[in-house]
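**Q** Sharing target.cif here; it has mmCIF, C-alpha atoms.
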```cif
data_structure
#
loop_
_atom_site.label_atom_id
_atom_site.label_comp_id
_atom_site.auth_asym_id
_atom_site.auth_seq_id
_atom_site.Cartn_x
_atom_site.Cartn_y
_atom_site.Cartn_z
CA GLN A 7 9.11 32.56 -16.24
CA LEU A 8 10.43 30.69 -13.22
CA LYS A 9 6.78 30.36 -12.20
CA ALA A 10 5.50 29.44 -15.65
CA PHE A 11 3.54 26.38 -14.54
CA PRO A 12 -0.20 27.24 -14.41
CA SER A 13 -0.38 25.67 -10.97
CA GLY A 14 2.40 27.95 -9.75
CA LYS A 15 4.67 25.07 -8.75
CA ASP A 16 8.43 25.53 -8.84
CA LEU A 17 10.60 24.63 -11.83
CA ASN A 18 11.53 20.97 -12.17
CA LEU A 19 14.17 21.11 -14.93
CA ILE A 20 16.52 23.74 -16.38
CA LEU A 21 17.39 23.74 -20.08
CA ASP A 22 20.14 26.31 -20.51
CA ASP A 23 22.17 27.99 -23.23
CA GLY A 24 25.15 29.94 -21.94
CA GLY A 25 24.64 29.24 -18.25
CA ASP A 26 22.79 32.47 -17.50
CA LEU A 27 19.58 30.90 -16.19
CA THR A 28 21.56 28.41 -14.12
CA ALA A 29 23.59 31.24 -12.59
CA LEU A 30 20.49 33.34 -11.92
CA VAL A 31 18.65 30.55 -10.11
CA HIS A 32 21.71 29.56 -8.07
CA GLN A 33 22.45 33.13 -7.03
CA LYS A 34 18.97 34.54 -6.40
CA TYR A 35 16.54 31.62 -6.10
CA PRO A 36 18.49 28.60 -4.77
CA HIS A 37 15.38 27.36 -2.93
CA LEU A 38 13.78 26.61 -6.31
CA LEU A 39 16.39 23.92 -6.95
CA GLN A 40 15.18 21.69 -4.12
CA GLY A 41 12.73 19.90 -6.41
CA CYS A 42 14.74 20.31 -9.61
CA TYR A 43 15.64 17.09 -11.44
CA GLY A 44 18.65 18.73 -13.03
CA ILE A 45 20.22 21.02 -15.62
CA SER A 46 21.18 20.46 -19.25
CA GLU A 47 23.63 22.93 -20.84
CA GLU A 48 24.51 23.14 -24.53
CA THR A 49 27.29 25.73 -24.81
CA THR A 50 31.01 25.59 -24.14
CA THR A 51 30.89 28.69 -21.96
CA GLY A 52 27.94 27.40 -19.96
CA VAL A 53 29.70 24.09 -19.39
CA HIS A 54 32.79 25.91 -18.09
CA HIS A 55 30.54 27.66 -15.56
CA LEU A 56 29.04 24.30 -14.56
CA TYR A 57 32.45 22.77 -13.92
CA ARG A 58 33.45 25.74 -11.77
CA MET A 59 30.25 25.29 -9.77
CA LEU A 60 30.89 21.55 -9.54
CA ASN A 61 34.33 22.21 -8.05
CA ASN A 62 32.62 24.38 -5.41
CA LYS A 63 29.92 21.79 -4.63
CA GLY A 64 29.03 22.01 -0.95
CA LYS A 65 30.52 25.51 -0.72
CA ASP A 66 29.41 28.99 -1.73
CA HIS A 67 28.47 29.20 -5.43
CA GLY A 68 28.45 25.41 -5.66
CA LEU A 69 26.31 23.26 -7.94
CA LEU A 70 22.96 22.45 -6.32
CA ALA A 71 21.45 20.06 -8.88
CA PRO A 72 22.54 17.24 -11.22
CA ALA A 73 23.78 18.52 -14.58
CA ILE A 74 24.36 17.10 -18.04
CA ASN A 75 26.95 18.54 -20.39
CA VAL A 76 25.09 18.51 -23.72
CA ASN A 77 27.81 20.60 -25.36
CA ASP A 78 30.32 17.74 -25.37
CA SER A 79 27.89 15.32 -26.94
CA VAL A 80 29.54 14.32 -30.22
CA THR A 81 26.40 15.13 -32.22
CA LYS A 82 26.43 18.63 -30.75
CA SER A 83 30.07 19.68 -30.59
CA LYS A 84 31.04 18.20 -33.95
CA PHE A 85 27.92 19.43 -35.73
CA ASP A 86 26.58 22.64 -34.19
CA ASN A 87 29.98 24.05 -33.22
CA LEU A 88 31.97 22.94 -36.25
CA TYR A 89 29.64 22.44 -39.21
CA GLY A 90 27.10 25.04 -38.10
CA CYS A 91 29.68 27.80 -37.63
CA ARG A 92 31.45 26.79 -40.83
CA GLU A 93 28.39 27.86 -42.79
CA SER A 94 26.84 30.61 -40.70
CA LEU A 95 30.02 32.67 -40.14
CA VAL A 96 30.49 33.46 -43.81
CA ASP A 97 26.73 33.98 -44.17
CA GLY A 98 26.87 36.66 -41.46
CA ILE A 99 29.96 38.42 -42.83
CA LYS A 100 28.63 38.40 -46.40
CA ARG A 101 25.19 39.73 -45.48
CA ALA A 102 26.75 42.46 -43.36
CA THR A 103 29.53 43.67 -45.64
CA ASP A 104 29.35 42.03 -49.10
CA VAL A 105 33.13 42.02 -48.86
CA MET A 106 35.31 39.82 -51.06
CA ILE A 107 36.89 37.29 -48.69
CA ALA A 108 39.25 35.72 -51.24
CA GLY A 109 42.77 37.10 -50.94
CA LYS A 110 42.23 38.68 -47.54
CA ILE A 111 44.00 37.78 -44.32
CA GLY A 112 41.58 36.26 -41.83
CA VAL A 113 42.44 35.93 -38.15
CA VAL A 114 40.56 33.33 -36.10
CA ALA A 115 40.99 33.61 -32.34
CA GLY A 116 40.67 30.13 -30.85
CA TYR A 117 40.88 26.72 -32.51
CA GLY A 118 38.28 24.69 -30.69
CA ASP A 119 35.37 23.20 -32.60
CA VAL A 120 33.95 26.65 -33.41
CA GLY A 121 37.35 27.99 -34.41
CA LYS A 122 38.02 24.96 -36.62
CA GLY A 123 34.77 25.55 -38.52
CA CYS A 124 35.48 29.27 -38.93
CA ALA A 125 39.05 28.73 -40.11
CA GLN A 126 37.88 26.14 -42.63
CA ALA A 127 35.16 28.48 -43.89
CA LEU A 128 37.49 31.43 -44.45
CA HIS A 129 40.09 29.18 -46.08
CA ALA A 130 37.47 27.69 -48.40
CA MET A 131 36.54 31.22 -49.50
CA GLY A 132 40.15 31.90 -50.47
CA ALA A 133 41.40 33.77 -47.42
CA ARG A 134 44.85 33.35 -45.93
CA VAL A 135 44.04 32.26 -42.38
CA MET A 136 46.00 32.92 -39.20
CA VAL A 137 45.03 31.29 -35.90
CA THR A 138 45.68 32.45 -32.35
CA GLU A 139 45.39 29.77 -29.67
CA ILE A 140 46.66 29.41 -26.09
CA ASP A 141 46.15 25.64 -25.87
CA PRO A 142 49.30 24.00 -27.28
CA ILE A 143 47.48 20.91 -28.56
CA ASN A 144 44.86 22.96 -30.40
CA ALA A 145 47.63 25.21 -31.71
CA LEU A 146 49.44 22.14 -33.07
CA GLN A 147 46.20 20.97 -34.71
CA ALA A 148 45.90 24.36 -36.42
CA ALA A 149 49.48 24.16 -37.66
CA MET A 150 48.94 20.61 -38.96
CA ALA A 151 45.83 21.81 -40.79
CA GLY A 152 48.00 24.32 -42.65
CA PHE A 153 47.14 27.48 -40.73
CA GLU A 154 49.74 29.94 -39.48
CA VAL A 155 49.72 30.01 -35.67
CA VAL A 156 50.53 33.45 -34.26
CA THR A 157 49.83 35.66 -31.27
CA MET A 158 47.16 38.33 -31.50
CA GLU A 159 49.89 40.95 -31.16
CA GLU A 160 51.47 39.56 -34.32
CA ALA A 161 48.17 39.20 -36.15
CA ALA A 162 46.58 42.56 -35.28
CA PRO A 163 48.60 44.70 -37.76
CA LEU A 164 48.12 42.14 -40.55
CA GLY A 165 44.56 40.87 -40.37
CA GLN A 166 41.68 42.20 -42.46
CA ILE A 167 38.92 40.02 -41.00
CA PHE A 168 39.01 39.13 -37.29
CA VAL A 169 36.77 36.43 -35.79
CA THR A 170 36.77 35.61 -32.06
CA THR A 171 35.61 32.11 -31.12
CA THR A 172 37.06 31.47 -27.67
CA GLY A 173 34.30 32.12 -25.14
CA CYS A 174 36.87 34.10 -23.12
CA ARG A 175 36.95 37.77 -22.20
CA ASP A 176 39.02 40.54 -23.84
CA ILE A 177 40.46 38.72 -26.83
CA LEU A 178 40.56 41.92 -28.89
CA VAL A 179 41.37 45.02 -26.84
CA GLY A 180 42.63 48.57 -27.31
CA LYS A 181 46.24 47.75 -28.15
CA HIS A 182 45.03 45.54 -31.00
CA PHE A 183 42.58 48.08 -32.43
CA GLU A 184 45.28 50.76 -32.45
CA VAL A 185 47.41 48.85 -34.97
CA MET A 186 44.72 47.30 -37.20
CA ARG A 187 44.66 47.95 -40.93
CA GLU A 188 42.26 50.34 -42.60
CA ASN A 189 38.68 48.99 -42.64
CA ALA A 190 39.53 45.84 -40.70
CA ILE A 191 36.36 43.84 -40.09
CA VAL A 192 35.90 42.66 -36.50
CA CYS A 193 33.29 40.14 -35.39
CA ASN A 194 32.57 37.52 -32.74
CA ILE A 195 31.00 34.07 -32.93
CA GLY A 196 32.07 32.90 -29.47
CA HIS A 197 30.25 33.93 -26.31
CA PHE A 198 27.89 36.91 -26.35
CA ASP A 199 29.74 40.25 -26.31
CA ILE A 200 32.67 39.70 -23.93
CA GLU A 201 35.40 38.77 -26.40
CA ILE A 202 35.74 42.14 -28.13
CA ASP A 203 36.30 45.27 -26.01
CA VAL A 204 33.50 47.21 -27.66
CA ALA A 205 33.45 49.73 -24.80
CA TRP A 206 37.04 50.75 -25.63
CA VAL A 207 36.17 51.21 -29.30
CA LYS A 208 33.15 53.39 -28.52
CA LYS A 209 35.06 55.45 -25.96
CA ASN A 210 38.12 56.10 -28.11
CA ALA A 211 36.60 56.41 -31.57
CA THR A 212 36.40 59.94 -32.93
CA GLU A 213 33.41 59.09 -35.11
CA LYS A 214 30.87 56.33 -35.52
CA VAL A 215 28.88 55.76 -38.70
CA SER A 216 26.13 53.13 -38.77
CA ILE A 217 26.36 51.82 -42.31
CA LYS A 218 23.27 49.68 -41.75
CA PRO A 219 21.79 47.82 -38.79
CA GLN A 220 24.46 45.78 -36.98
CA VAL A 221 27.27 47.23 -39.11
CA ASP A 222 29.17 50.16 -37.56
CA ARG A 223 32.29 51.92 -38.89
CA PHE A 224 34.44 53.57 -36.24
CA THR A 225 37.15 56.14 -36.89
CA MET A 226 40.14 55.50 -34.65
CA PRO A 227 42.35 58.30 -33.24
CA ASN A 228 45.03 57.38 -35.82
CA GLY A 229 42.58 58.05 -38.66
CA ARG A 230 42.05 54.43 -39.62
CA HIS A 231 38.64 52.77 -39.59
CA ILE A 232 37.32 49.59 -37.99
CA ILE A 233 34.11 47.89 -39.09
CA LEU A 234 32.40 46.22 -36.13
CA LEU A 235 29.67 43.67 -36.78
CA ALA A 236 26.69 43.03 -34.47
CA GLU A 237 28.25 45.23 -31.75
CA GLY A 238 30.54 42.36 -30.80
CA ARG A 239 27.69 39.93 -30.28
CA LEU A 240 27.22 36.71 -32.25
CA VAL A 241 27.70 37.69 -35.88
CA ASN A 242 25.82 34.71 -37.29
CA LEU A 243 22.72 35.72 -35.33
CA GLY A 244 23.12 39.51 -35.40
CA CYS A 245 23.89 39.79 -39.11
CA ALA A 246 22.23 36.62 -40.41
CA THR A 247 19.81 33.96 -39.23
CA GLY A 248 22.22 31.65 -37.39
CA HIS A 249 22.82 27.99 -38.11
CA SER A 250 20.74 26.00 -40.54
CA SER A 251 17.68 24.28 -39.13
CA PHE A 252 19.08 20.77 -39.58
CA VAL A 253 22.18 21.28 -37.46
CA MET A 254 20.12 23.03 -34.80
CA SER A 255 17.71 20.10 -34.72
CA CYS A 256 20.69 17.90 -33.77
CA SER A 257 21.52 20.17 -30.83
CA PHE A 258 17.94 20.55 -29.67
CA THR A 259 17.33 16.81 -29.88
CA ASN A 260 20.29 16.33 -27.58
CA GLN A 261 18.78 18.82 -25.16
CA VAL A 262 15.47 16.95 -25.13
CA LEU A 263 17.20 13.60 -24.62
CA ALA A 264 19.25 15.06 -21.77
CA GLN A 265 16.10 16.39 -20.13
CA ILE A 266 14.53 12.92 -20.40
CA MET A 267 17.65 11.40 -18.85
CA LEU A 268 17.45 13.77 -15.90
CA TYR A 269 13.71 13.34 -15.42
CA LYS A 270 13.89 9.54 -15.65
CA ALA A 271 17.16 9.01 -13.77
CA GLY A 272 16.71 6.02 -11.50
CA ASP A 273 13.61 4.77 -13.32
CA LYS A 274 14.76 1.22 -14.09
CA ALA A 275 11.52 0.24 -15.82
CA PHE A 276 11.93 3.13 -18.25
CA ALA A 277 15.59 2.26 -18.85
CA LYS A 278 14.66 -1.35 -19.55
CA LYS A 279 11.96 -0.35 -22.04
CA TYR A 280 14.16 2.18 -23.87
CA ILE A 281 17.60 0.64 -24.28
CA GLU A 282 19.14 3.98 -25.27
CA PHE A 283 18.55 5.08 -21.68
CA ALA A 284 19.83 1.86 -20.11
CA ARG A 285 22.43 3.86 -18.21
CA ALA A 286 20.16 6.79 -17.41
CA THR A 287 20.51 5.93 -13.74
CA GLU A 288 24.03 7.36 -13.99
CA ALA A 289 22.75 10.80 -15.03
CA GLU A 290 23.52 12.27 -11.65
CA GLU A 291 27.21 12.25 -12.49
CA ALA A 292 27.35 16.05 -12.65
CA GLY A 293 28.90 17.53 -15.75
CA ALA A 294 28.80 14.27 -17.71
CA ALA A 295 27.96 14.26 -21.39
CA PRO A 296 25.07 12.09 -22.60
CA LYS A 297 25.99 8.41 -22.87
CA LYS A 298 27.20 7.06 -26.20
CA GLU A 299 23.98 5.10 -26.75
CA VAL A 300 21.95 8.31 -26.56
CA ASP A 301 24.36 10.08 -28.92
CA GLU A 302 24.09 7.22 -31.40
CA ALA A 303 20.29 7.18 -31.20
CA GLN A 304 20.21 10.89 -32.03
CA ALA A 305 22.63 10.44 -34.92
CA LYS A 306 20.62 7.53 -36.31
CA SER A 307 17.39 9.54 -36.25
CA SER A 308 19.11 12.44 -38.04
CA VAL A 309 20.53 10.19 -40.77
CA GLU A 310 17.14 8.58 -41.33
#
```
Could you render the structure from this file as structure tokens?
**A**
Amino acid sequence: QLKAFPSGKDLNLILDDGGDLTALVHQKYPHLLQGCYGISEETTTGVHHLYRMLNNKGKDHGLLAPAINVNDSVTKSKFDNLYGCRESLVDGIKRATDVMIAGKIGVVAGYGDVGKGCAQALHAMGARVMVTEIDPINALQAAMAGFEVVTMEEAAPLGQIFVTTTGCRDILVGKHFEVMRENAIVCNIGHFDIEIDVAWVKKNATEKVSIKPQVDRFTMPNGRHIILLAEGRLVNLGCATGHSSFVMSCSFTNQVLAQIMLYKAGDKAFAKKYIEFARATEAEEAGAAPKKEVDEAQAKSSVE
């Protein structure tokens, strides 16, 4: 796919989700970036990778092309991450388990935009929600929203539905599974399959029963059971159909606008004709989110 142009010419733009393509090209095909206008990235995890590469610019594993942080565009982070997850999390859990959420204790790991949406969704369904969060400001936000802020060690023996949203590795590990309640439901809506230590569960379980596709019930050594959804991958995609089309159109529109900004950076005639891109010449500020004018243009088109 890196040679997808019929003429065989090298790639000229990278549109990424999660940072995997960016990492692949930088590690194995850095020569392809010589004619690349830039990179647009729409996930929190991918943006974290970009910032690490930016800090290493000029060194090994450094960023070799301009990059735009689409994830922190207001019309992405406040819509896709928050509103999208607020609907699709419950959709995934319900399709997978048909469990009654009301009255249960839900544990949301992380209280960023994704975590906020998930906590709101579980609360709206009648769950008692606990939040684990290492960032003190986000933790304070969770407390002010009425959620109980705890550590995962405190939450593990109490929770009945666990949702990881952090984008970080090993949020739920062996010591947590060992103390979970009978038939605790475990799922992830953060980054791929790194947040839940699925390998530990598979290695230590005495029995695995696949209730239906993407829904597995593991018997732990202590005799209790854990229900794992989507093998620790994104539950809203593995057990449902993901976000609604409208909220995804907001994110994808931002990606397209970011690609235009990169391609037309420095084109003053274009910037003069399309006022939304009047500051497109600044697109080479690596890691920057799209300018406010572009964000507002996208929001206006969505409202209309």
**Q** Select, from A:Val185, A:Ala102, A:Ala303, A:Leu17, the residue with the minimum atom-to-atom distance to Asn260 (chain A), counting all atoms listed in the file.
**A**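 Checking each of A:Val185, A:Ala102, A:Ala303, A:Leu17 against Asn260 (chain A), counting all atoms listed in the file, the winner is A:Ala303.
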**Q** When you look at region 108-123 of chain A with a cut-off of 6 Å (counting all atoms listed in the file), what residues show up, excluding the ones that are within fewer than 3 positions of it in the same chain? I need them as a PyMOL selection string.
**A** chain A and resi 87-88+91-92+126+131-139+144+165-172
**Q** Mind giving me the straight-line distance from CA of Asn61 (chain A) to CA of Leu263 (chain A) in Å, one decimal?
**A**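 Result for CA of Asn61 (chain A) versus CA of Leu263 (chain A): 25.3 Å, one decimal.
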**Q** List the spatial neighbours of region 25-33 of chain A as an mmCIF file with C-alpha atoms, in the frame of the given file - criterion: any atom at most 8 Å away, only C-alpha atoms, same-chain residues fewer than 3 positions off excluded.
**A**
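Below you can see selection-v3.cif, which holds the result:
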```
data_model
loop_
_atom_site.group_PDB
_atom_site.id
_atom_site.type_symbol
_atom_site.label_atom_id
_atom_site.label_comp_id
_atom_site.auth_asym_id
_atom_site.auth_seq_id
_atom_site.Cartn_x
_atom_site.Cartn_y
_atom_site.Cartn_z
ATOM 1 C CA ILE A 20 16.520 23.740 -16.380
ATOM 2 C CA ASP A 22 20.140 26.310 -20.510
ATOM 3 C CA PRO A 36 18.490 28.600 -4.770
ATOM 4 C CA LEU A 38 13.780 26.610 -6.310
ATOM 5 C CA LEU A 39 16.390 23.920 -6.950
ATOM 6 C CA ILE A 45 20.220 21.020 -15.620
ATOM 7 C CA GLU A 47 23.630 22.930 -20.840
ATOM 8 C CA THR A 49 27.290 25.730 -24.810
ATOM 9 C CA THR A 51 30.890 28.690 -21.960
ATOM 10 C CA GLY A 52 27.940 27.400 -19.960
ATOM 11 C CA VAL A 53 29.700 24.090 -19.390
ATOM 12 C CA HIS A 55 30.540 27.660 -15.560
ATOM 13 C CA LEU A 56 29.040 24.300 -14.560
ATOM 14 C CA HIS A 67 28.470 29.200 -5.430
ATOM 15 C CA LEU A 69 26.310 23.260 -7.940
ATOM 16 C CA LEU A 70 22.960 22.450 -6.320
#
```
**Q** Got a sec to resolve the PyMOL selection byres ((chain A and resi 79) around 12) on this structure and send the residues as an NGL selection string?
**A** :A and (46-50 or 53 or 74-78 or 80-87 or 256-261 or 263-264 or 293-305)
**Q** Find the spatial neighbours of Val215 (chain A), counting all atoms listed in the file, within a cut-off of 10 Å - ignore same-chain residues fewer than 3 positions away - and output them as an MDAnalysis selection string.
**A** chainID A and resid 218 221:225 233
**Q** Rounded to one decimal place, report the CA of Trp206 (chain A)-CA of Val179 (chain A) distance in Å.
**A**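 Separating CA of Trp206 (chain A) from CA of Val179 (chain A) is a distance of 7.3 Å.
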**Q** Between CA of Ala130 (chain A) and CA of Ile202 (chain A), what is the spacing in Å?
**A**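 Here the two named atoms are 25.0 Å from each other.
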**Q** Nearest to Ser307 (chain A): which of A:Ser94, A:Gln265, A:Gln147, A:Ser255 is it, counting only C-alpha atoms?
**A** A:Ser255
**Q** For the file shown, what are the residues hit by the PyMOL selection byres ((chain A and resi 244-251) around 6), laid out as a PyMOL selection string?
**A** chain A and resi 90+94+98+102+236+240-243+252-254
**Q** Taking into account only C-alpha atoms, which residue in the set A:Lys15, A:Lys274, A:Lys63, A:Lys209 is nearest to Gly41 (chain A)?
**A**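 Of A:Lys15, A:Lys274, A:Lys63, A:Lys209, the one nearest Gly41 (chain A), counting only C-alpha atoms, is A:Lys15.
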**Q** Taking the file as shown, what set of residues would the PyMOL selection byres ((chain A and resi 228) around 12) give back, as JSON, numbers by chain?
**A** {"A": [183, 184, 185, 186, 187, 188, 210, 211, 212, 213, 224, 225, 226, 227, 229, 230, 231, 232]}
**Q** Which residue gives the smallest distance to Lys214 (chain A) among A:Val309, A:Leu8, A:Leu234, A:Leu268, with all atoms listed in the file counted?
**A** A:Leu234
**Q** From the list A:Asn62, A:Phe198, A:His54, A:Asp16, which residue is nearest His37 (chain A) when using all atoms listed in the file?
**A**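 Going through A:Asn62, A:Phe198, A:His54, A:Asp16 one by one, the smallest distance to His37 (chain A) is for A:Asp16.
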**Q** N, CA and C atoms are what I want for region 141-172 of chain A; can you complete it accordingly and write them as a short mmCIF file (atom, residue, chain, number, x, y, z; two decimals), keeping the file's coordinate frame?
**A**
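Contents of out_31.cif, freshly written:
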```cif
data_model
loop_
_atom_site.label_atom_id
_atom_site.label_comp_id
_atom_site.auth_asym_id
_atom_site.auth_seq_id
_atom_site.Cartn_x
_atom_site.Cartn_y
_atom_site.Cartn_z
N ASP A 141 45.99 27.06 -26.17
CA ASP A 141 46.15 25.64 -25.87
C ASP A 141 47.16 25.04 -26.85
N PRO A 142 48.26 24.48 -26.36
CA PRO A 142 49.30 24.00 -27.28
C PRO A 142 48.85 22.87 -28.19
N ILE A 143 47.95 22.02 -27.72
CA ILE A 143 47.48 20.91 -28.56
C ILE A 143 46.60 21.45 -29.68
N ASN A 144 45.69 22.36 -29.35
CA ASN A 144 44.86 22.96 -30.40
C ASN A 144 45.72 23.77 -31.37
N ALA A 145 46.73 24.44 -30.84
CA ALA A 145 47.63 25.21 -31.71
C ALA A 145 48.35 24.28 -32.69
N LEU A 146 48.78 23.12 -32.20
CA LEU A 146 49.44 22.14 -33.07
C LEU A 146 48.47 21.62 -34.13
N GLN A 147 47.21 21.40 -33.74
CA GLN A 147 46.20 20.97 -34.71
C GLN A 147 46.05 22.02 -35.81
N ALA A 148 46.03 23.29 -35.43
CA ALA A 148 45.90 24.36 -36.42
C ALA A 148 47.09 24.36 -37.37
N ALA A 149 48.28 24.19 -36.82
CA ALA A 149 49.48 24.16 -37.66
C ALA A 149 49.44 22.97 -38.62
N MET A 150 49.00 21.81 -38.12
CA MET A 150 48.94 20.61 -38.96
C MET A 150 47.85 20.71 -40.02
N ALA A 151 46.88 21.59 -39.79
CA ALA A 151 45.83 21.81 -40.79
C ALA A 151 46.26 22.84 -41.84
N GLY A 152 47.47 23.39 -41.66
CA GLY A 152 48.00 24.32 -42.65
C GLY A 152 47.82 25.78 -42.32
N PHE A 153 47.34 26.09 -41.11
CA PHE A 153 47.14 27.48 -40.73
C PHE A 153 48.36 28.01 -40.00
N GLU A 154 48.62 29.30 -40.16
CA GLU A 154 49.74 29.94 -39.48
C GLU A 154 49.32 30.28 -38.06
N VAL A 155 50.04 29.77 -37.08
CA VAL A 155 49.72 30.01 -35.67
C VAL A 155 50.55 31.18 -35.17
N VAL A 156 49.87 32.22 -34.70
CA VAL A 156 50.53 33.45 -34.26
C VAL A 156 49.90 33.94 -32.97
N THR A 157 50.47 34.97 -32.39
CA THR A 157 49.83 35.66 -31.27
C THR A 157 48.95 36.76 -31.83
N MET A 158 48.02 37.25 -31.03
CA MET A 158 47.16 38.33 -31.50
C MET A 158 47.96 39.60 -31.73
N GLU A 159 49.03 39.79 -30.95
CA GLU A 159 49.89 40.95 -31.16
C GLU A 159 50.54 40.91 -32.54
N GLU A 160 50.88 39.71 -32.99
CA GLU A 160 51.47 39.56 -34.32
C GLU A 160 50.42 39.70 -35.41
N ALA A 161 49.22 39.21 -35.13
CA ALA A 161 48.17 39.20 -36.15
C ALA A 161 47.48 40.55 -36.33
N ALA A 162 47.38 41.33 -35.25
CA ALA A 162 46.58 42.56 -35.28
C ALA A 162 46.97 43.52 -36.40
N PRO A 163 48.27 43.75 -36.68
CA PRO A 163 48.60 44.70 -37.76
C PRO A 163 48.42 44.12 -39.16
N LEU A 164 48.18 42.81 -39.26
CA LEU A 164 48.12 42.14 -40.55
C LEU A 164 46.71 41.78 -40.99
N GLY A 165 45.87 41.40 -40.04
CA GLY A 165 44.56 40.87 -40.37
C GLY A 165 43.62 41.89 -41.00
N GLN A 166 42.73 41.37 -41.85
CA GLN A 166 41.68 42.20 -42.46
C GLN A 166 40.30 41.77 -42.00
N ILE A 167 40.17 40.52 -41.57
CA ILE A 167 38.92 40.02 -41.00
C ILE A 167 39.29 39.28 -39.71
N PHE A 168 38.73 39.73 -38.59
CA PHE A 168 39.01 39.13 -37.29
C PHE A 168 37.75 38.44 -36.77
N VAL A 169 37.90 37.19 -36.33
CA VAL A 169 36.77 36.43 -35.79
C VAL A 169 37.19 35.84 -34.45
N THR A 170 36.48 36.19 -33.38
CA THR A 170 36.77 35.61 -32.06
C THR A 170 35.83 34.43 -31.81
N THR A 171 36.40 33.34 -31.29
CA THR A 171 35.61 32.11 -31.12
C THR A 171 35.88 31.44 -29.78
N THR A 172 36.49 32.13 -28.84
CA THR A 172 37.06 31.47 -27.67
C THR A 172 36.11 31.26 -26.50
#
```
